[in-house]
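A.B. asks: Structure in structure tokens, see below.
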Amino acid sequence: MSHDSTAAPETTARKLSGRRRREIVAVLLFSGGPIFESSIPLSVFGIDRQDAGVPRYRLLVCAGEEGPLRTTGGLELTAPHGLEAIGRAGTVVVPAWRSITSPPPPEALDALRRAHEEGARIVGLCTGAFVLAAAGLLDGRPATTHWMYAPTLAKRYPSVHVDPRELFVDDGDVLTSAGTAAGIDLCLHIVRTDHGNEAAGALARRLVVPPRRAGGQERYLDRSLPEEIGADPLAEVVAWALEHLHEQFDVETLAARAYMSRRTFDRRFRSLTGSAPLQWLITQRVLQAQRLLETSDYSVDEVAGRCGFRSPVALRGHFRRQLGSSPAAYRAAYRARRPQGERALDPTPVTPQAVPVLEAGPVPTQTRRTAAASALGPSASVPASDPGKPHSDAYAPGRPPLPGQRSAP
């Protein structure tokens, strides 16, 4: 694990209180939550698939507030349990939160804190991470959420080490995932942790999904500006930088354009986006290179010059660190995947817009390896994870990392 600030807290295994049971999974629903994300843990943990070799969980669907609960399309749900039922669960899942700008109900946050204190495993899918963060359960910990909401999570909860590259993060007794499909990835990971590879594989076959997905969220990142930057004075500096990525300039240049000292600029930029400006700038240059490799026939040397890198060597180094592949290999793999006959018609550079990367420093080895596998295709060699086995203490940290997932050290 790598992040900028304080080390993650101890995540040693803790015993469940006497009234809680490991096989009981409580799913906490709120009004306004999307039905797709809400249905994921219900489908994984609420259906008896023992005939397929999947051990059975006992599901408790709990309302996090007074009902009826309205969801996607105006549907109304009535949960059979309230917050009191969480007191019996060994795992509590928050599949989504209705709005990243509104605070969750205090009673629900208290129930989550109490569950965690009593040894329960707490899981946040997609925007459910905002509920866990509001409860203080992510303080000092690594976490992820949907890449679109990661800047807001990092800005609102600066003590959380947000990484928008991961599909899910397992920090022992607190787990978080990216959006929608990554919620399935994390639920399969929980089954694998509890009951081993065979059970998780059987469940994946029933759901018709891969048991493990390689790579992270990098390939899904949008080039749009983060929602909260538009009205900030630094937006003009960011826009200028994106329009001039083909030129060689550094963070000092951006600070001067903002009429700030480098130190003040660094602080303001990080508070706005959750990212260090140097890391952000490098990421934008790599994204520009990625787009040119996909849409043009420029040589790698020409791409480096058109993206503001001082040399092709610099491009190759940063490209490999972020995407786990060389520029040439990335282009070859991209073209091999395109429909036959589809060619780039216009070599005109397309300037990408801002994608905040919320953690400076090199990409972890596991992420690099899985990203390389994704870029180079199925023939790429990636070290396999150790076979999963039923764990005597299901919530203990230190399990081997899986593709698309970061675990506690």
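How things are named: the first chain in the structure tokens is A, the next is B, and so on; residues count from 1 in each chain; ligands count from 1 in the order shown.
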Within 10 Å of Ser17 (chain A), counting only C-alpha atoms, which residues qualify if same-chain residues fewer than 6 places away don't, as number ranges by chain?
C.D. replies: A: 87-90, 115, 117-120
A.B. asks: List as JSON, numbers by chain the protein and nucleic acid residues near Glu66 (chain A), meaning an atom at most 9 Å away when only C-alpha atoms are counted, but skip any in the same chain fewer than 5 places from it.
C.D. replies: {"A": [30, 31, 82]}
A.B. asks: For a quick check of understanding, using only C-alpha atoms, which of A:Ala314, A:Leu281, A:Val61, A:Val54 has the smallest distance to Pro41 (chain A)?
C.D. replies: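 Closest to Pro41 (chain A), using only C-alpha atoms: A:Val61.
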A.B. asks: Which is closest to Glu243 (chain A) among A:Ala154, A:Cys307, A:Ala79, A:Ala135, if we use only C-alpha atoms?
C.D. replies: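 The closest residue to Glu243 (chain A) is A:Cys307.
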A.B. asks: With 12 Å as the cut-off and only C-alpha atoms counted, what is the closest atom pair between each nearby residue of region 169-213 of chain A and region 143-146 of chain A? Distances in Å to one decimal, ordered by chain and number, as a tab-separated table.
C.D. replies:
residue	atom	partner	partner_atom	distance
A:Val169	CA	A:Ala143	CA	5.7
A:Asp170	CA	A:Ala143	CA	8.1
A:Asp171	CA	A:Ala143	CA	8.0
A:Gly172	CA	A:Ala143	CA	11.5
A:Val174	CA	A:Ala143	CA	8.8
A:Leu175	CA	A:Ala143	CA	7.4
A:Thr176	CA	A:Thr144	CA	5.8
A:Ser177	CA	A:Thr145	CA	5.5
A:Ala178	CA	A:Thr145	CA	4.2
A:Gly179	CA	A:His146	CA	4.7
A:Thr180	CA	A:His146	CA	8.4
A:Ala181	CA	A:His146	CA	10.4
A:Ala182	CA	A:His146	CA	8.9
A:Gly183	CA	A:Thr145	CA	9.9
A:Leu186	CA	A:Thr144	CA	11.5
A.B. asks: Next, the residues of the selection above should be written as an mmCIF file, in the first residue's frame with N, CA and C atoms.
C.D. replies:
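So the final result, stored in again_31.cif, reads:
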data_model
loop_
_atom_site.group_PDB
_atom_site.id
_atom_site.type_symbol
_atom_site.label_atom_id
_atom_site.label_comp_id
_atom_site.auth_asym_id
_atom_site.auth_seq_id
_atom_site.Cartn_x
_atom_site.Cartn_y
_atom_site.Cartn_z
ATOM 1 N N VAL A 169 -10.956 -2.024 -2.295
ATOM 2 C CA VAL A 169 -9.879 -1.993 -1.309
ATOM 3 C C VAL A 169 -10.326 -2.795 -0.085
ATOM 4 N N ASP A 170 -9.516 -3.764 0.304
ATOM 5 C CA ASP A 170 -9.775 -4.575 1.487
ATOM 6 C C ASP A 170 -8.779 -4.149 2.561
ATOM 7 N N ASP A 171 -9.262 -3.475 3.589
ATOM 8 C CA ASP A 171 -8.401 -3.074 4.697
ATOM 9 C C ASP A 171 -8.711 -3.887 5.946
ATOM 10 N N GLY A 172 -9.010 -5.151 5.741
ATOM 11 C CA GLY A 172 -9.242 -6.050 6.858
ATOM 12 C C GLY A 172 -10.682 -6.063 7.311
ATOM 13 N N VAL A 174 -12.693 -3.234 7.220
ATOM 14 C CA VAL A 174 -13.440 -2.209 6.498
ATOM 15 C C VAL A 174 -13.065 -2.319 5.024
ATOM 16 N N LEU A 175 -14.073 -2.459 4.158
ATOM 17 C CA LEU A 175 -13.834 -2.669 2.733
ATOM 18 C C LEU A 175 -14.671 -1.688 1.925
ATOM 19 N N THR A 176 -14.130 -1.217 0.803
ATOM 20 C CA THR A 176 -14.846 -0.288 -0.062
ATOM 21 C C THR A 176 -14.650 -0.699 -1.515
ATOM 22 N N SER A 177 -15.586 -0.285 -2.381
ATOM 23 C CA SER A 177 -15.474 -0.623 -3.801
ATOM 24 C C SER A 177 -15.803 0.581 -4.657
ATOM 25 N N ALA A 178 -15.436 0.486 -5.929
ATOM 26 C CA ALA A 178 -15.838 1.473 -6.925
ATOM 27 C C ALA A 178 -17.297 1.207 -7.312
ATOM 28 N N GLY A 179 -17.727 1.783 -8.439
ATOM 29 C CA GLY A 179 -19.133 1.745 -8.786
ATOM 30 C C GLY A 179 -19.647 0.424 -9.335
ATOM 31 N N THR A 180 -20.901 0.192 -9.195
ATOM 32 C CA THR A 180 -21.725 -0.863 -9.757
ATOM 33 C C THR A 180 -21.012 -2.208 -9.900
ATOM 34 N N ALA A 181 -20.395 -2.490 -11.062
ATOM 35 C CA ALA A 181 -19.801 -3.807 -11.286
ATOM 36 C C ALA A 181 -18.711 -4.118 -10.272
ATOM 37 N N ALA A 182 -17.998 -3.088 -9.801
ATOM 38 C CA ALA A 182 -16.965 -3.322 -8.793
ATOM 39 C C ALA A 182 -17.584 -3.784 -7.478
ATOM 40 N N GLY A 183 -18.858 -3.442 -7.255
ATOM 41 C CA GLY A 183 -19.545 -3.962 -6.087
ATOM 42 C C GLY A 183 -19.685 -5.469 -6.153
ATOM 43 N N LEU A 186 -16.284 -6.951 -5.273
ATOM 44 C CA LEU A 186 -15.998 -6.969 -3.842
ATOM 45 C C LEU A 186 -16.826 -8.039 -3.132
#
A.B. asks: Could you pull out all residues of region 47-259 of chain A with a DSSP call of strand (DSSP E or B) and give them as a PyMOL selection string?
C.D. replies: chain A and resi 58-63+69-70+76-77+81+89-94+121-125+142-143+161-162+168-170+174-177
A.B. asks: Could you tell me which of A:Tyr334, A:Pro312, A:Ala52, A:Arg321 comes closest to Arg205 (chain A) if we count only C-alpha atoms?
C.D. replies: A:Ala52
A.B. asks: Set the distance at 6 Å and use only C-alpha atoms: which residues neighbour Val27 (chain A) once local chain neighbours fewer than 3 positions away are removed? I'd like the list as a JSON list (two decimals) with N, CA, C and O atoms, in the first residue's frame.
C.D. replies:
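Once everything was written out, this is out18.json:
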[["chain", "number", "residue", "atom", "x", "y", "z"],
["A", 61, "VAL", "N", -32.25, -7.41, 5.58],
["A", 61, "VAL", "CA", -32.37, -6.13, 4.88],
["A", 61, "VAL", "C", -32.91, -5.11, 5.86],
["A", 61, "VAL", "O", -34.01, -5.27, 6.40],
["A", 62, "CYS", "N", -32.13, -4.05, 6.10],
["A", 62, "CYS", "CA", -32.45, -3.09, 7.17],
["A", 62, "CYS", "C", -32.65, -1.69, 6.58],
["A", 62, "CYS", "O", -31.89, -1.24, 5.73],
["A", 92, "VAL", "N", -21.81, -5.92, 7.69],
["A", 92, "VAL", "CA", -22.80, -4.88, 7.39],
["A", 92, "VAL", "C", -22.39, -4.21, 6.08],
["A", 92, "VAL", "O", -21.26, -3.72, 5.95],
["A", 93, "VAL", "N", -23.32, -4.19, 5.12],
["A", 93, "VAL", "CA", -23.04, -3.64, 3.79],
["A", 93, "VAL", "C", -23.89, -2.39, 3.57],
["A", 93, "VAL", "O", -25.10, -2.42, 3.76]]
A.B. asks: May I ask which of the residues A:Trp240, A:Phe130, A:Trp97, A:Phe269 is the closest one to Gly33 (chain A), counting only C-alpha atoms?
C.D. replies: A:Trp97
